[in-house]
>>> print(open('target-v8.txt').read())   # compact mmCIF, C-alpha atoms
# COMPACT_ATOMS: atom_id res chain seq x y z
CA SER A 1 123.85 -18.52 -10.00
CA ALA A 2 122.67 -20.59 -7.02
CA ALA A 3 122.29 -17.42 -4.92
CA ALA A 4 120.01 -15.86 -7.54
CA VAL A 5 117.80 -18.95 -7.57
CA LEU A 6 117.15 -18.62 -3.81
CA THR A 7 115.56 -15.18 -4.16
CA ALA A 8 112.26 -14.49 -5.91
CA MET A 9 112.66 -13.78 -9.61
CA ARG A 10 110.26 -12.22 -12.06
CA LEU A 11 109.40 -14.32 -15.09
CA THR A 12 111.04 -11.89 -17.50
CA ALA A 13 111.46 -12.34 -21.24
CA GLU A 14 115.21 -12.79 -20.57
CA LEU A 15 114.60 -15.58 -18.05
CA ILE A 16 112.27 -17.40 -20.47
CA ARG A 17 114.79 -17.11 -23.31
CA SER A 18 117.66 -18.38 -21.15
CA ALA A 19 115.72 -21.23 -19.46
CA GLN A 20 116.64 -24.78 -20.38
CA ALA A 21 114.62 -26.16 -23.29
CA CYS A 22 114.76 -29.79 -24.31
CA MET A 23 113.03 -32.62 -26.14
CA ASN A 24 111.63 -34.82 -23.37
CA PRO A 25 111.48 -38.67 -23.51
CA LEU A 26 108.00 -38.46 -25.05
CA GLY A 27 109.37 -36.40 -27.94
CA GLU A 28 107.71 -33.19 -26.72
CA ARG A 29 109.36 -29.77 -26.61
CA GLU A 30 109.62 -28.82 -22.91
CA LEU A 31 110.65 -25.59 -21.19
CA ASN A 32 112.14 -26.00 -17.70
CA LEU A 33 111.19 -23.08 -15.42
CA ARG A 34 111.77 -24.99 -12.16
CA GLY A 35 113.05 -23.51 -8.94
CA TYR A 36 113.28 -19.80 -9.77
CA LYS A 37 110.86 -18.77 -6.96
CA ILE A 38 108.69 -17.05 -9.60
CA PRO A 39 105.68 -15.36 -7.92
CA THR A 40 103.56 -14.58 -11.01
CA ILE A 41 103.11 -15.94 -14.53
CA GLU A 42 103.88 -13.30 -17.16
CA ASN A 43 105.60 -12.76 -20.53
CA LEU A 44 104.80 -16.26 -21.87
CA GLY A 45 104.10 -14.78 -25.30
CA VAL A 46 107.90 -14.76 -25.67
CA THR A 47 107.78 -18.57 -26.05
CA GLN A 48 106.06 -17.99 -29.42
CA ASP A 49 104.01 -21.12 -28.69
CA HIS A 50 107.01 -23.42 -29.30
CA TYR A 51 106.41 -25.75 -26.37
CA GLN A 52 104.10 -28.63 -25.55
CA VAL A 53 105.22 -28.78 -21.90
CA LEU A 54 105.86 -25.94 -19.41
CA ASP A 55 107.31 -27.02 -16.06
CA PHE A 56 106.87 -24.52 -13.17
CA THR A 57 107.76 -26.94 -10.35
CA ASP A 58 109.25 -25.41 -7.15
CA ASN A 59 108.22 -21.79 -7.59
CA GLU A 60 106.10 -19.39 -5.47
CA LEU A 61 103.04 -19.19 -7.71
CA GLU A 62 99.67 -18.54 -6.04
CA HIS A 63 97.57 -18.20 -9.20
CA VAL A 64 97.47 -20.23 -12.41
CA ALA A 65 96.60 -17.25 -14.60
CA HIS A 66 97.84 -14.65 -17.12
CA PHE A 67 98.32 -17.07 -20.02
CA PRO A 68 98.35 -15.87 -23.61
CA VAL A 69 96.83 -18.12 -26.29
CA LEU A 70 99.16 -21.13 -26.58
CA LYS A 71 97.72 -23.56 -29.12
CA ARG A 72 100.46 -26.20 -28.81
CA LEU A 73 100.64 -26.46 -25.03
CA GLU A 74 99.49 -29.90 -23.80
CA THR A 75 101.01 -30.20 -20.31
CA LEU A 76 101.37 -27.78 -17.39
CA ILE A 77 103.32 -28.80 -14.28
CA PHE A 78 102.96 -26.77 -11.06
CA ASN A 79 104.19 -29.18 -8.37
CA ASN A 80 105.33 -27.61 -5.07
CA ASN A 81 103.94 -24.10 -5.48
CA LYS A 82 101.39 -22.17 -3.37
CA VAL A 83 98.48 -22.22 -5.81
CA THR A 84 95.16 -21.22 -4.25
CA GLN A 85 93.34 -20.24 -7.45
CA VAL A 86 93.08 -21.28 -11.10
CA ALA A 87 91.80 -18.69 -13.59
CA ARG A 88 88.50 -19.26 -15.40
CA GLY A 89 88.49 -19.84 -19.16
CA LEU A 90 91.88 -21.56 -19.53
CA GLY A 91 90.42 -24.04 -22.02
CA THR A 92 89.90 -21.21 -24.52
CA LEU A 93 93.49 -19.94 -24.16
CA LEU A 94 95.06 -23.41 -24.02
CA PRO A 95 92.82 -25.50 -26.30
CA LYS A 96 95.14 -28.57 -26.35
CA LEU A 97 95.77 -28.69 -22.59
CA GLN A 98 95.33 -32.32 -21.50
CA ASN A 99 97.62 -32.73 -18.50
CA LEU A 100 97.53 -30.52 -15.39
CA ILE A 101 99.95 -31.68 -12.70
CA MET A 102 99.58 -29.62 -9.50
CA SER A 103 100.72 -31.83 -6.59
CA ASN A 104 101.46 -30.10 -3.27
CA ASN A 105 99.62 -26.82 -3.62
CA LYS A 106 96.87 -25.09 -1.61
CA LEU A 107 93.60 -25.69 -3.46
CA ALA A 108 91.24 -26.23 -0.56
CA SER A 109 87.58 -26.36 -1.63
CA PHE A 110 85.34 -27.74 -4.39
CA ASP A 111 84.81 -24.12 -5.40
CA ASP A 112 88.55 -23.92 -6.17
CA LEU A 113 88.12 -26.84 -8.62
CA LYS A 114 85.37 -25.22 -10.71
CA PRO A 115 87.77 -23.49 -13.14
CA LEU A 116 89.09 -26.94 -14.16
CA PHE A 117 85.72 -27.60 -15.77
CA ASP A 118 86.54 -24.82 -18.28
CA ILE A 119 89.27 -27.13 -19.64
CA PRO A 120 87.17 -29.83 -21.31
CA ASN A 121 90.05 -31.87 -22.78
CA LEU A 122 91.76 -32.68 -19.48
CA VAL A 123 92.87 -36.32 -19.45
CA ARG A 124 95.33 -36.31 -16.52
CA ILE A 125 95.19 -34.28 -13.31
CA SER A 126 97.18 -34.51 -10.12
CA LEU A 127 96.08 -32.57 -7.05
CA ALA A 128 97.71 -34.93 -4.53
CA GLY A 129 98.92 -32.97 -1.50
CA ASN A 130 96.28 -30.23 -1.88
CA PRO A 131 93.82 -29.92 1.04
CA VAL A 132 90.87 -30.50 -1.31
CA ALA A 133 92.13 -34.01 -2.15
CA ALA A 134 91.25 -35.14 1.39
CA LYS A 135 87.59 -34.13 1.08
CA LYS A 136 84.73 -36.62 0.81
CA HIS A 137 83.56 -37.17 -2.81
CA TYR A 138 86.62 -35.28 -4.18
CA ARG A 139 87.57 -38.02 -6.62
CA TYR A 140 83.98 -38.68 -7.71
CA TYR A 141 83.37 -34.95 -8.12
CA LEU A 142 86.20 -34.54 -10.64
CA ILE A 143 85.42 -37.80 -12.44
CA HIS A 144 81.77 -36.76 -12.74
CA ARG A 145 82.53 -33.27 -14.05
CA LEU A 146 85.38 -34.15 -16.45
CA PRO A 147 84.16 -36.86 -18.83
CA LYS A 148 87.53 -37.26 -20.62
CA LEU A 149 89.53 -37.71 -17.39
CA ARG A 150 91.54 -40.96 -17.50
CA VAL A 151 94.10 -40.53 -14.69
CA LEU A 152 93.54 -38.70 -11.38
CA ASP A 153 96.37 -38.39 -8.85
CA PHE A 154 98.38 -40.97 -10.83
CA LYS A 155 95.62 -43.59 -10.52
CA LYS A 156 93.60 -44.69 -13.54
CA VAL A 157 89.93 -43.77 -13.50
CA LYS A 158 88.12 -47.11 -13.53
CA PRO A 159 84.77 -47.64 -15.27
CA GLN A 160 83.24 -48.64 -11.92
CA GLU A 161 84.44 -45.32 -10.43
CA ARG A 162 82.67 -43.44 -13.19
CA GLU A 163 79.52 -45.46 -12.50
CA ALA A 164 79.84 -44.79 -8.77
CA ALA A 165 80.36 -41.06 -9.43
CA MET A 166 77.13 -41.03 -11.45
CA LYS A 167 75.31 -42.78 -8.60
CA VAL A 168 76.72 -40.42 -5.95
CA PHE A 169 75.81 -37.35 -7.93
CA GLY A 170 72.42 -38.78 -8.74
CA LYS A 171 71.77 -38.95 -4.99
CA VAL A 172 73.72 -35.92 -3.80
CA ASP A 173 72.33 -32.53 -4.74
CA GLU A 174 75.43 -30.73 -6.02
CA LYS A 175 74.09 -27.29 -5.06
CA LYS A 176 73.48 -28.52 -1.49
CA MET A 177 76.94 -30.09 -1.38
CA MET A 178 78.55 -26.82 -2.52
CA GLU A 179 76.60 -24.90 0.16
CA GLU A 180 77.82 -27.33 2.83
CA GLU A 181 81.34 -26.97 1.46
CA GLU A 182 81.12 -23.16 1.65
CA GLU A 183 79.95 -23.34 5.27
CA LYS A 184 82.99 -25.46 6.12
CA THR A 185 85.39 -23.09 4.37
CA PHE A 186 83.84 -20.17 6.30
CA ILE A 187 84.13 -17.51 3.58
CA PRO A 188 81.24 -18.37 1.23
CA GLY A 189 81.72 -17.99 -2.49
CA VAL A 190 85.00 -16.13 -2.26
CA ILE A 191 87.60 -17.01 -4.86
CA LYS A 192 89.82 -13.93 -4.92
CA LYS A 193 91.75 -13.47 -1.71
CA ARG A 194 94.80 -11.47 -0.66
CA ALA A 195 97.32 -11.74 2.14
CA MET A 196 96.26 -10.27 5.46
CA THR A 197 97.91 -7.04 6.63
CA ALA A 198 99.54 -6.82 10.08
CA GLU A 199 96.74 -4.44 11.15
CA GLU A 200 94.02 -6.91 10.04
CA ARG A 201 95.81 -9.76 11.81
CA ALA A 202 95.96 -7.69 15.03
CA LYS A 203 92.23 -6.90 14.76
CA ILE A 204 91.36 -10.60 14.41
CA GLN A 205 93.60 -11.48 17.38
CA GLU A 206 91.77 -8.82 19.42
CA ALA A 207 88.39 -10.21 18.25
CA ILE A 208 89.45 -13.72 19.36
CA LYS A 209 90.14 -12.37 22.87
CA ASN A 210 86.66 -10.79 22.93
CA ALA A 211 84.80 -13.72 21.33
CA THR A 212 81.78 -14.78 23.37
CA THR A 213 81.19 -18.24 21.86
CA LEU A 214 83.46 -21.16 20.96
CA GLU A 215 82.01 -21.14 17.43
CA GLU A 216 82.94 -17.50 16.92
CA MET A 217 86.44 -18.14 18.29
CA ASP A 218 86.87 -21.18 16.01
CA LYS A 219 85.86 -19.21 12.91
CA LEU A 220 88.18 -16.33 13.75
CA GLU A 221 91.07 -18.74 14.37
CA GLN A 222 90.40 -20.43 11.02
CA LEU A 223 90.57 -17.05 9.32
CA LEU A 224 93.79 -16.19 11.15
CA ARG A 225 95.39 -19.52 10.18
CA ALA A 226 94.40 -19.04 6.52
CA GLY A 227 96.14 -15.64 6.54
CA LYS A 228 93.91 -14.47 3.66
CA VAL A 229 90.99 -12.08 3.45
CA PRO A 230 88.46 -11.44 0.65
CA VAL A 231 89.47 -8.83 -1.92
>>> encode(input="target-v8.txt", output="structure tokens")
Amino acid sequence: SAAAVLTAMRLTAELIRSAQACMNPLGERELNLRGYKIPTIENLGVTQDHYQVLDFTDNELEHVAHFPVLKRLETLIFNNNKVTQVARGLGTLLPKLQNLIMSNNKLASFDDLKPLFDIPNLVRISLAGNPVAAKKHYRYYLIHRLPKLRVLDFKKVKPQEREAAMKVFGKVDEKKMMEEEEEKTFIPGVIKKRAMTAEERAKIQEAIKNATTLEEMDKLEQLLRAGKVPV
């Protein structure tokens, strides 16, 4: 019912079995898991690897994780979720994965993109509407690290872009760039984060009141706005 769709639902075996399955215009078997407010991926073994496309648009997912081995899966769609983290090693579990469409999520740093390099066959990616997409060198970074990439954010990767990416990363020391990136994101090297408790939020608010420098205040306010702390 419409009321049920508005509240968070677990991705149960029953939900997967009852979800709408179809043959899409490209002749691929697609499972529609849109709009259920699912918070966590689970129970996908129930699909018995029947599908080439899984569509998780308009859910509440924070992590792209917990996949079984799915040898037929070619396309994952996660538009309009809350994804902050992609699991490492997805290329091993999803060996045919070529298309990863994740517009309007919360991937924020180059560090958050590193797990994509574990998926060597990626041909199409969309991260439009993620904070990371606004960063300098973002497009060149992905083009440089994913040699098979043909379309990024619905724009074709041009040969001159690939050449430019090689030039940029010939000049820019990637390690140095990552260090600069970590300084900007304030919590160096942290991938796993959890929601802040009310007590932790109150402590940070108190620390802001007692901050002695603008820099300290700015960092604390950034942390408060992010609403996440290291695990």
>>> atom_distance(input="target-v8.txt", atom1="CA of Ala195 in chain A", atom2="CA of Gly227 in chain A")
6.0 Å
>>> atom_distance(input="target-v8.txt", atom1="CA of Pro115 in chain A", atom2="CA of Pro159 in chain A")
24.4 Å
>>> residues_around(input="target-v8.txt", residues="range 128-138 of chain A", least_positions_apart="5", cutoff="8 Å", atoms="all atoms listed in the file", output="PDB file with C-alpha atoms, in the coordinates of the input")
ATOM      1  CA  MET A 102      99.580 -29.620  -9.500  1.00  0.00           C
ATOM      2  CA  SER A 103     100.720 -31.830  -6.590  1.00  0.00           C
ATOM      3  CA  ASN A 104     101.460 -30.100  -3.270  1.00  0.00           C
ATOM      4  CA  ASN A 105      99.620 -26.820  -3.620  1.00  0.00           C
ATOM      5  CA  LYS A 106      96.870 -25.090  -1.610  1.00  0.00           C
ATOM      6  CA  LEU A 107      93.600 -25.690  -3.460  1.00  0.00           C
ATOM      7  CA  ALA A 108      91.240 -26.230  -0.560  1.00  0.00           C
ATOM      8  CA  SER A 109      87.580 -26.360  -1.630  1.00  0.00           C
ATOM      9  CA  PHE A 110      85.340 -27.740  -4.390  1.00  0.00           C
ATOM     10  CA  ASP A 153      96.370 -38.390  -8.850  1.00  0.00           C
TER      11      ASP A 153
END
>>> closest_residue(input="target-v8.txt", among="A:Asp118, A:Glu200, A:Asp112, A:Glu28", to="Glu74 in chain A", atoms="all atoms listed in the file")
A:Glu28
>>> closest_residue(input="target-v8.txt", among="A:Val86, A:Leu61, A:Ala207, A:Leu100", to="Phe154 in chain A", atoms="all atoms listed in the file")
A:Leu100
>>> atom_distance(input="target-v8.txt", atom1="CA of Asn81 in chain A", atom2="CA of Pro95 in chain A")
23.6 Å
